[in-house]
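Engineer: Following this line is upload.tsv, made up of TSV, C-alpha atoms and all ligand atoms:
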```tsv
chain	number	residue	atom	x	y	z
A	1	MET	CA	-57.49	16.64	58.79
A	2	GLN	CA	-54.42	16.25	56.54
A	3	ASN	CA	-54.01	19.99	55.99
A	4	ALA	CA	-54.23	20.64	59.74
A	5	ALA	CA	-51.55	17.98	60.25
A	6	PHE	CA	-49.26	19.56	57.61
A	7	ARG	CA	-49.69	22.98	59.22
A	8	ALA	CA	-49.03	21.63	62.71
A	9	CYS	CA	-45.80	19.99	61.49
A	10	LYS	CA	-44.85	23.07	59.41
A	11	LEU	CA	-44.62	20.95	56.27
A	12	PRO	CA	-45.00	22.56	52.82
A	13	TYR	CA	-47.75	20.20	51.63
A	14	VAL	CA	-51.37	20.78	50.69
A	15	TYR	CA	-54.15	18.18	50.41
A	16	VAL	CA	-56.79	18.88	47.75
A	17	PRO	CA	-59.80	16.92	46.50
A	18	LEU	CA	-59.66	15.92	42.83
A	19	LEU	CA	-62.61	14.35	41.06
A	20	VAL	CA	-61.45	11.74	38.52
A	21	HIS	CA	-63.81	10.08	36.06
A	22	PRO	CA	-63.18	6.29	35.82
A	23	SER	CA	-62.21	6.58	32.16
A	24	ASP	CA	-59.49	9.13	33.09
A	25	LEU	CA	-57.82	7.04	35.78
A	26	ALA	CA	-54.66	6.18	33.78
A	27	LYS	CA	-54.16	9.85	32.89
A	28	ALA	CA	-54.72	10.90	36.50
A	29	VAL	CA	-52.05	8.44	37.68
A	30	GLN	CA	-49.65	9.77	35.04
A	31	ALA	CA	-50.37	13.28	36.34
A	32	ILE	CA	-48.98	12.25	39.75
A	33	ARG	CA	-45.62	11.80	38.01
A	34	VAL	CA	-45.93	14.80	35.69
A	35	TYR	CA	-46.83	17.23	38.48
A	36	ASN	CA	-44.42	15.51	40.88
A	37	LEU	CA	-47.12	15.12	43.53
A	38	ALA	CA	-45.87	13.63	46.83
A	39	GLY	CA	-48.75	11.21	46.85
A	40	VAL	CA	-52.52	10.76	46.78
A	41	ASN	CA	-55.33	9.01	48.54
A	42	VAL	CA	-57.67	7.00	46.35
A	43	THR	CA	-61.29	6.24	47.05
A	44	VAL	CA	-64.40	4.71	45.49
A	45	PRO	CA	-64.56	3.67	42.65
A	46	HIS	CA	-60.80	3.65	41.94
A	47	LYS	CA	-59.32	1.58	44.77
A	48	GLU	CA	-59.16	-1.70	42.86
A	49	ARG	CA	-58.70	-0.34	39.35
A	50	ILE	CA	-55.68	1.80	40.19
A	51	VAL	CA	-53.58	-1.26	41.13
A	52	ARG	CA	-52.56	-2.06	37.56
A	53	HIS	CA	-51.33	1.50	36.94
A	54	LEU	CA	-48.84	1.55	39.83
A	55	ASP	CA	-45.18	0.45	39.88
A	56	THR	CA	-44.93	-1.39	43.22
A	57	LEU	CA	-47.37	-2.50	45.89
A	58	SER	CA	-47.19	-3.15	49.63
A	59	GLU	CA	-48.00	-6.63	50.86
A	60	GLU	CA	-51.38	-5.41	52.15
A	61	ALA	CA	-52.30	-3.74	48.88
A	62	GLU	CA	-51.33	-6.93	47.07
A	63	LEU	CA	-53.36	-9.09	49.47
A	64	CYS	CA	-56.44	-6.84	49.33
A	65	GLY	CA	-56.14	-6.13	45.61
A	66	ALA	CA	-56.87	-2.51	46.49
A	67	VAL	CA	-54.95	0.71	47.15
A	68	ASN	CA	-56.01	3.74	49.19
A	69	THR	CA	-52.64	5.52	49.41
A	70	VAL	CA	-50.07	6.19	46.68
A	71	VAL	CA	-46.57	7.47	47.44
A	72	ASN	CA	-44.45	9.04	44.69
A	73	ARG	CA	-40.86	7.91	45.21
A	74	ASP	CA	-38.93	9.89	42.56
A	75	GLY	CA	-41.41	8.96	39.86
A	76	VAL	CA	-41.86	5.37	41.04
A	77	LEU	CA	-45.43	5.01	42.32
A	78	PHE	CA	-45.84	2.82	45.40
A	79	GLY	CA	-49.37	1.69	46.27
A	80	ASP	CA	-50.30	0.86	49.86
A	81	ASN	CA	-53.51	0.13	51.71
A	82	THR	CA	-53.76	1.75	55.14
A	83	ASP	CA	-57.44	0.88	55.72
A	84	GLY	CA	-56.80	-2.44	57.48
A	85	ARG	CA	-53.82	-1.14	59.47
A	86	GLY	CA	-55.88	1.94	60.36
A	87	PHE	CA	-58.66	-0.32	61.62
A	88	LEU	CA	-56.17	-2.27	63.76
A	89	ALA	CA	-54.57	0.92	65.05
A	90	SER	CA	-57.98	2.26	66.07
A	91	LEU	CA	-58.65	-0.94	68.03
A	92	GLN	CA	-55.25	-0.74	69.66
A	93	HIS	CA	-55.93	2.89	70.60
A	94	ARG	CA	-59.07	1.67	72.34
A	95	GLY	CA	-57.10	-1.02	74.18
A	96	PHE	CA	-58.57	-3.93	72.22
A	97	SER	CA	-56.29	-6.65	70.84
A	98	PRO	CA	-57.74	-9.09	68.26
A	99	HIS	CA	-55.08	-11.66	69.15
A	100	GLN	CA	-56.67	-15.06	69.90
A	101	ARG	CA	-60.17	-13.54	69.80
A	102	ASP	CA	-63.35	-14.67	68.03
A	103	ILE	CA	-64.69	-12.06	65.64
A	104	VAL	CA	-67.83	-11.64	63.51
A	105	LEU	CA	-67.63	-9.57	60.31
A	106	ILE	CA	-70.91	-8.59	58.64
A	107	GLY	CA	-70.46	-7.95	54.91
A	108	ALA	CA	-68.14	-9.31	52.23
A	109	GLY	CA	-67.19	-6.30	50.09
A	110	GLY	CA	-63.97	-4.30	49.72
A	111	SER	CA	-63.91	-2.94	53.28
A	112	THR	CA	-64.43	-6.44	54.73
A	113	ARG	CA	-61.40	-7.61	52.78
A	114	ALA	CA	-59.12	-4.93	54.30
A	115	VAL	CA	-60.43	-5.55	57.84
A	116	LEU	CA	-60.20	-9.34	57.39
A	117	VAL	CA	-56.57	-9.26	56.24
A	118	SER	CA	-55.59	-7.02	59.16
A	119	LEU	CA	-57.37	-9.21	61.72
A	120	ILE	CA	-55.74	-12.38	60.37
A	121	ARG	CA	-52.38	-10.64	60.60
A	122	GLY	CA	-53.32	-9.54	64.12
A	123	GLY	CA	-53.62	-13.20	65.13
A	124	SER	CA	-57.40	-13.57	65.61
A	125	GLN	CA	-58.48	-17.06	66.55
A	126	ARG	CA	-61.65	-17.36	64.50
A	127	ILE	CA	-63.40	-14.99	62.10
A	128	THR	CA	-66.92	-15.64	60.85
A	129	ILE	CA	-67.91	-13.67	57.75
A	130	VAL	CA	-71.66	-13.19	57.52
A	131	ASN	CA	-73.11	-11.92	54.26
A	132	ARG	CA	-76.42	-11.58	52.43
A	133	THR	CA	-74.80	-13.25	49.41
A	134	LEU	CA	-73.26	-16.28	51.08
A	135	ALA	CA	-71.11	-17.13	48.04
A	136	LYS	CA	-69.15	-13.88	48.51
A	137	ALA	CA	-68.37	-14.74	52.13
A	138	GLN	CA	-67.32	-18.23	51.06
A	139	ALA	CA	-65.04	-16.76	48.38
A	140	LEU	CA	-63.28	-14.62	51.00
A	141	VAL	CA	-62.78	-17.70	53.18
A	142	ARG	CA	-61.22	-19.57	50.25
A	143	THR	CA	-58.94	-16.66	49.34
A	144	TYR	CA	-57.57	-15.99	52.83
A	145	ARG	CA	-57.79	-19.30	54.68
A	146	THR	CA	-54.05	-19.97	54.35
A	147	LEU	CA	-52.86	-16.45	55.13
A	148	GLY	CA	-52.44	-17.11	58.87
A	149	GLN	CA	-53.54	-19.44	61.66
A	150	THR	CA	-57.02	-17.88	61.93
A	151	ARG	CA	-60.01	-20.20	61.44
A	152	LEU	CA	-62.27	-18.63	58.80
A	153	GLU	CA	-65.95	-19.45	58.37
A	154	ALA	CA	-68.76	-18.14	56.18
A	155	ALA	CA	-72.37	-17.80	57.36
A	156	SER	CA	-75.67	-16.52	56.03
A	157	LEU	CA	-77.46	-13.47	57.45
A	158	ASP	CA	-80.11	-15.45	59.37
A	159	ARG	CA	-77.40	-16.79	61.69
A	160	LEU	CA	-77.17	-13.29	63.22
A	161	GLN	CA	-80.47	-13.99	64.97
A	162	GLU	CA	-79.18	-17.10	66.76
A	163	PRO	CA	-78.07	-16.35	70.35
A	164	ALA	CA	-75.53	-19.22	70.30
A	165	PHE	CA	-73.85	-17.67	67.26
A	166	PHE	CA	-72.38	-14.88	69.45
A	167	GLN	CA	-71.30	-17.06	72.35
A	168	ASN	CA	-67.57	-16.33	72.07
A	169	ALA	CA	-67.61	-13.13	70.01
A	170	ALA	CA	-65.27	-10.41	71.32
A	171	LEU	CA	-65.83	-8.06	68.38
A	172	VAL	CA	-68.67	-7.63	65.86
A	173	VAL	CA	-68.00	-5.37	62.87
A	174	ASN	CA	-70.54	-3.95	60.44
A	175	CYS	CA	-68.78	-3.73	57.06
A	176	THR	CA	-72.03	-3.36	55.07
A	177	SER	CA	-73.65	-0.13	53.93
A	178	VAL	CA	-76.81	-0.89	55.94
A	179	GLY	CA	-77.61	2.06	58.20
A	180	LEU	CA	-75.77	4.70	56.20
A	181	HIS	CA	-79.01	6.59	55.66
A	182	GLY	CA	-80.46	5.89	59.11
A	183	GLU	CA	-82.39	2.81	57.98
A	184	PRO	CA	-82.91	-0.04	60.48
A	185	PHE	CA	-80.12	-2.61	60.80
A	186	LEU	CA	-80.56	-6.32	60.13
A	187	PRO	CA	-81.99	-8.50	62.93
A	188	VAL	CA	-79.14	-9.35	65.35
A	189	ALA	CA	-79.24	-11.18	68.71
A	190	PHE	CA	-77.43	-8.27	70.40
A	191	ALA	CA	-78.41	-9.31	73.92
A	192	ALA	CA	-76.72	-12.71	73.49
A	193	THR	CA	-73.27	-11.14	73.29
A	194	SER	CA	-70.99	-10.91	76.30
A	195	PRO	CA	-71.11	-7.55	78.14
A	196	ARG	CA	-67.59	-6.69	76.94
A	197	CYS	CA	-68.21	-7.54	73.28
A	198	LEU	CA	-67.14	-4.53	71.19
A	199	PHE	CA	-69.44	-3.38	68.35
A	200	TYR	CA	-67.67	-1.52	65.54
A	201	ASP	CA	-69.50	0.09	62.62
A	202	LEU	CA	-67.26	1.09	59.70
A	203	LEU	CA	-69.96	3.64	58.82
A	204	TYR	CA	-70.31	6.93	60.63
A	205	ARG	CA	-73.09	9.43	60.98
A	206	PRO	CA	-73.50	12.58	63.06
A	207	ASP	CA	-75.73	10.50	65.37
A	208	LEU	CA	-75.20	6.80	66.23
A	209	THR	CA	-75.84	4.35	63.39
A	210	THR	CA	-78.79	2.02	63.89
A	211	PHE	CA	-76.34	-0.88	64.42
A	212	LEU	CA	-74.48	0.95	67.18
A	213	ARG	CA	-77.63	2.43	68.71
A	214	GLN	CA	-78.90	-1.07	69.50
A	215	ALA	CA	-75.54	-2.17	70.91
A	216	HIS	CA	-75.31	1.02	72.97
A	217	SER	CA	-78.82	0.58	74.35
A	218	ILE	CA	-77.73	-2.67	76.06
A	219	ARG	CA	-74.49	-1.00	77.25
A	220	ARG	CA	-72.05	-2.70	74.89
A	221	PRO	CA	-68.91	-0.73	74.00
A	222	THR	CA	-69.03	0.81	70.51
A	223	MET	CA	-66.73	2.39	67.91
A	224	ASP	CA	-67.54	3.90	64.52
A	225	GLY	CA	-65.85	4.58	61.17
A	226	ARG	CA	-64.45	7.94	62.28
A	227	GLN	CA	-61.72	6.16	64.22
A	228	MET	CA	-60.73	4.08	61.20
A	229	LEU	CA	-60.82	7.18	58.99
A	230	LEU	CA	-58.51	8.98	61.43
A	231	HIS	CA	-55.98	6.18	61.72
A	232	GLN	CA	-55.82	5.26	58.03
A	233	GLY	CA	-55.18	8.98	57.39
A	234	ALA	CA	-52.47	9.13	60.05
A	235	LEU	CA	-50.71	6.17	58.43
A	236	ALA	CA	-50.96	7.83	54.99
A	237	PHE	CA	-49.51	11.05	56.46
A	238	SER	CA	-46.46	9.11	57.70
A	239	LEU	CA	-46.01	7.37	54.35
A	240	TRP	CA	-45.93	10.70	52.50
A	241	THR	CA	-43.86	12.71	54.96
A	242	GLY	CA	-41.71	10.11	56.75
A	243	GLN	CA	-42.87	11.65	60.05
A	244	PRO	CA	-45.18	10.47	62.83
A	245	ALA	CA	-48.65	11.94	62.40
A	246	PRO	CA	-49.91	14.55	64.89
A	247	LEU	CA	-52.83	12.35	65.90
A	248	GLN	CA	-54.47	14.78	68.32
A	249	VAL	CA	-54.49	17.62	65.78
A	250	MET	CA	-55.99	15.30	63.16
A	251	SER	CA	-58.56	13.90	65.59
A	252	ARG	CA	-59.70	17.36	66.69
A	253	THR	CA	-59.96	18.61	63.11
A	254	LEU	CA	-61.89	15.55	62.02
A	255	ALA	CA	-64.30	15.88	64.95
A	256	ARG	CA	-64.91	19.53	64.02
A	257	ALA	CA	-65.45	18.70	60.35
A	258	LEU	CA	-67.93	15.92	61.11
A	259	ARG	CA	-69.83	17.80	63.81
A	260	PRO	CA	-73.54	17.93	63.02
A	261	THR	CA	-74.52	21.33	61.63
A	301	LIG	P1	-67.47	-1.81	50.49
A	301	LIG	O1	-66.41	-1.73	49.44
A	301	LIG	O2	-67.65	-0.53	51.27
A	301	LIG	O3	-67.29	-2.99	51.40
A	301	LIG	P2	-69.39	-3.12	48.80
A	301	LIG	O4	-68.26	-3.87	48.18
A	301	LIG	O5	-70.41	-2.50	47.93
A	301	LIG	O6	-68.86	-1.96	49.74
A	301	LIG	O7	-70.10	-4.12	49.85
A	301	LIG	C1	-71.28	-3.79	50.44
A	301	LIG	C2	-71.66	-4.90	51.45
A	301	LIG	O8	-72.89	-4.53	52.07
A	301	LIG	C3	-71.88	-6.27	50.81
A	301	LIG	O9	-71.44	-7.26	51.70
A	301	LIG	C4	-73.40	-6.31	50.66
A	301	LIG	O10	-73.96	-7.61	50.63
A	301	LIG	P3	-74.00	-8.45	49.24
A	301	LIG	O11	-72.63	-8.99	49.05
A	301	LIG	O12	-75.02	-9.49	49.46
A	301	LIG	O13	-74.41	-7.46	48.17
A	301	LIG	C5	-73.83	-5.60	51.91
A	301	LIG	N1	-75.18	-5.05	51.81
A	301	LIG	C6	-75.55	-3.93	51.14
A	301	LIG	N2	-76.88	-3.71	51.29
A	301	LIG	C7	-77.36	-4.72	52.09
A	301	LIG	C8	-78.64	-5.04	52.63
A	301	LIG	N3	-79.73	-4.29	52.39
A	301	LIG	N4	-78.74	-6.15	53.41
A	301	LIG	C9	-77.66	-6.90	53.67
A	301	LIG	N5	-76.43	-6.65	53.19
A	301	LIG	C10	-76.26	-5.57	52.42
```
What does the file become when written as structure tokens?
Ligand code: ATR

Structural biologist:
Amino acid sequence: MQNAAFRACKLPYVYVPLLVHPSDLAKAVQAIRVYNLAGVNVTVPHKERIVRHLDTLSEEAELCGAVNTVVNRDGVLFGDNTDGRGFLASLQHRGFSPHQRDIVLIGAGGSTRAVLVSLIRGGSQRITIVNRTLAKAQALVRTYRTLGQTRLEAASLDRLQEPAFFQNAALVVNCTSVGLHGEPFLPVAFAATSPRCLFYDLLYRPDLTTFLRQAHSIRRPTMDGRQMLLHQGALAFSLWTGQPAPLQVMSRTLARALRPT
């Protein structure tokens, strides 16, 4: 996706995968300076641990305590997090605004954090974080309750089965890893949601995830993690190159790469 974008814009960049062992992270960050790399993306398990090795951070990276994009500005390493903004951009692309809406987030890990921060900044009215380990959802509420005007609440997994729980939900997001391997999703009162409630799974599979399959079967609109992947990548492209990303080229290339074989 990135290489196709560089080619389309005739930019002399190349994007390569590098496997870094956790114990080598500091050396890998130093190598960005030594080799004068334009920047890097960072993924599991380095997103949180890389923070302390960087020189400056964006507000989002600071708020999430995690970095997915590093930009090398003449040897000064700037860490940003485009996951949350990518999520918002994907919603915007779909014509959905989180402003003044009620939203349910399932999960309380690193991806929830990025999505939560972006939705608060997007002016959501109320966000309920549902998690197997309730204490983790409550900790997120404590951390971010003063970030904006959004009302934050924590709830346990069994609440997902209560029809009344979804009364005002405009968006329900799966931020857990449940369904990644095609396993059944948790019990959810899907049919209690309004017909326009959007179901978004941060996961993606060649077929629909079990979460989205159930939403789709009762004709609810759905989105999956490919859209977030595309938009976080487009934002990273712009950070590195200072140019708008060729979104269509990236989208087509991503679709080809993820096509079932
Ligand atoms: P990420 O960084 O992608 O968000 P993570 O931090 O490992 O990943 O978080 C995984 C999330 O999936 C957590 O909210 C986890 O719930 P717990 O906090 O209770 O561990 C959730 N999760 C994983 N497997 C689950 C399962 N079988 N049932 C319910 N929730 C699950």

Engineer: Fewer than 3 positions away in the same chain doesn't count, so skip those; otherwise give me all residues within 6 Å of Gly107 in chain A, counting all atoms listed in the file, as a PyMOL selection string.

Structural biologist: chain A and resi 130-131+175-176

Engineer: Please provide the set of residues having any atom within 12 Å of Ala155 in chain A, restricted to all atoms listed in the file, with same-chain residues fewer than 5 positions apart removed, written as a list of chain:residue names.

Structural biologist: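 These residues fall inside the cut-off: A:Val104, A:Leu105, A:Ile106, A:Gly107, A:Ala108, A:Ile127, A:Thr128, A:Ile129, A:Val130, A:Asn131, A:Arg132, A:Thr133, A:Leu134, A:Ala135, A:Lys136, A:Ala137, A:Gln138, A:Ala139, A:Leu140, A:Val141, A:Leu160, A:Gln161, A:Glu162, A:Phe165.
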
Engineer: Which one of A:Thr241, A:Thr253, A:Ser111, A:Gln227 sits closest to ligand LIG 301 (chain A) if you count all atoms listed in the file?

Structural biologist: A:Ser111

Engineer: What does the structure give for the distance between CA of Leu239 in chain A and CA of Gln30 in chain A, in Å to one decimal?

Structural biologist: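 That distance, rounded to one decimal, is 19.8 Å.
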
Engineer: Taking all atoms listed in the file into account, which of A:Val115, A:Ala5, A:Met228, A:Val172 comes nearest ligand LIG 301 (chain A)?

Structural biologist: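 The answer is A:Val115, which sits nearest to ligand LIG 301 (chain A).
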
Engineer: Copy range 13-25 of chain A out of the block into a file, keeping all heavy atoms, as a compact mmCIF listing (two decimals), in the first residue's frame.

Structural biologist:
```txt
# COMPACT_ATOMS: atom_id res chain seq x y z
N TYR A 13 11.01 6.81 -2.24
CA TYR A 13 10.96 6.15 -0.93
C TYR A 13 10.69 4.66 -1.15
O TYR A 13 10.11 4.27 -2.16
CB TYR A 13 9.79 6.66 -0.10
CG TYR A 13 9.86 8.08 0.40
CD1 TYR A 13 9.73 9.16 -0.45
CD2 TYR A 13 10.01 8.35 1.77
CE1 TYR A 13 9.74 10.47 0.00
CE2 TYR A 13 10.03 9.65 2.24
CZ TYR A 13 9.90 10.70 1.36
OH TYR A 13 9.91 11.98 1.84
N VAL A 14 11.07 3.84 -0.18
CA VAL A 14 10.69 2.44 -0.20
C VAL A 14 10.31 2.02 1.22
O VAL A 14 10.88 2.50 2.19
CB VAL A 14 11.80 1.55 -0.82
CG1 VAL A 14 13.07 1.61 0.02
CG2 VAL A 14 11.34 0.12 -0.98
N TYR A 15 9.27 1.19 1.32
CA TYR A 15 8.74 0.76 2.62
C TYR A 15 9.09 -0.71 2.78
O TYR A 15 8.73 -1.54 1.93
CB TYR A 15 7.23 0.95 2.59
CG TYR A 15 6.49 0.79 3.90
CD1 TYR A 15 6.17 1.89 4.69
CD2 TYR A 15 6.04 -0.46 4.32
CE1 TYR A 15 5.44 1.76 5.86
CE2 TYR A 15 5.33 -0.60 5.50
CZ TYR A 15 5.02 0.52 6.26
OH TYR A 15 4.30 0.38 7.43
N VAL A 16 9.86 -1.05 3.81
CA VAL A 16 10.27 -2.45 3.98
C VAL A 16 9.94 -2.94 5.39
O VAL A 16 9.98 -2.17 6.35
CB VAL A 16 11.81 -2.63 3.75
CG1 VAL A 16 12.17 -2.41 2.30
CG2 VAL A 16 12.62 -1.73 4.65
N PRO A 17 9.59 -4.23 5.50
CA PRO A 17 9.32 -4.76 6.84
C PRO A 17 10.63 -5.11 7.56
O PRO A 17 11.54 -5.69 6.95
CB PRO A 17 8.52 -6.04 6.54
CG PRO A 17 8.95 -6.46 5.18
CD PRO A 17 9.41 -5.23 4.45
N LEU A 18 10.73 -4.74 8.82
CA LEU A 18 11.91 -5.06 9.62
C LEU A 18 11.44 -5.70 10.92
O LEU A 18 10.61 -5.12 11.63
CB LEU A 18 12.71 -3.78 9.94
CG LEU A 18 13.27 -2.99 8.74
CD1 LEU A 18 13.77 -1.61 9.18
CD2 LEU A 18 14.39 -3.77 8.08
N LEU A 19 11.97 -6.87 11.20
CA LEU A 19 11.58 -7.57 12.43
C LEU A 19 12.56 -7.18 13.54
O LEU A 19 13.76 -7.38 13.41
CB LEU A 19 11.62 -9.08 12.19
CG LEU A 19 11.18 -9.96 13.35
CD1 LEU A 19 9.71 -9.73 13.71
CD2 LEU A 19 11.40 -11.43 13.00
N VAL A 20 12.03 -6.59 14.61
CA VAL A 20 12.89 -6.12 15.71
C VAL A 20 12.53 -6.87 17.00
O VAL A 20 11.37 -6.84 17.45
CB VAL A 20 12.71 -4.59 15.92
CG1 VAL A 20 13.53 -4.12 17.12
CG2 VAL A 20 13.11 -3.83 14.66
N HIS A 21 13.51 -7.51 17.58
CA HIS A 21 13.29 -8.20 18.86
C HIS A 21 13.12 -7.14 19.96
O HIS A 21 13.83 -6.12 19.93
CB HIS A 21 14.50 -9.11 19.16
CG HIS A 21 14.26 -10.04 20.30
ND1 HIS A 21 14.50 -9.68 21.60
CD2 HIS A 21 13.75 -11.29 20.33
CE1 HIS A 21 14.16 -10.68 22.38
NE2 HIS A 21 13.71 -11.68 21.63
N PRO A 22 12.21 -7.36 20.93
CA PRO A 22 12.00 -6.34 21.97
C PRO A 22 13.29 -5.86 22.64
O PRO A 22 13.43 -4.67 22.93
CB PRO A 22 11.10 -7.06 22.97
CG PRO A 22 10.33 -8.04 22.14
CD PRO A 22 11.26 -8.48 21.05
N SER A 23 14.24 -6.75 22.84
CA SER A 23 15.47 -6.32 23.52
C SER A 23 16.36 -5.44 22.62
O SER A 23 17.32 -4.84 23.11
CB SER A 23 16.26 -7.55 24.00
OG SER A 23 16.64 -8.31 22.88
N ASP A 24 16.05 -5.36 21.34
CA ASP A 24 16.84 -4.54 20.41
C ASP A 24 16.16 -3.22 20.07
O ASP A 24 16.64 -2.50 19.18
CB ASP A 24 17.07 -5.31 19.09
CG ASP A 24 18.02 -6.47 19.27
OD1 ASP A 24 18.90 -6.38 20.14
OD2 ASP A 24 17.86 -7.47 18.55
N LEU A 25 15.09 -2.89 20.76
CA LEU A 25 14.31 -1.72 20.34
C LEU A 25 15.13 -0.42 20.36
O LEU A 25 15.08 0.36 19.41
CB LEU A 25 13.06 -1.59 21.23
CG LEU A 25 12.13 -0.45 20.86
CD1 LEU A 25 11.60 -0.59 19.43
CD2 LEU A 25 10.96 -0.34 21.83
```
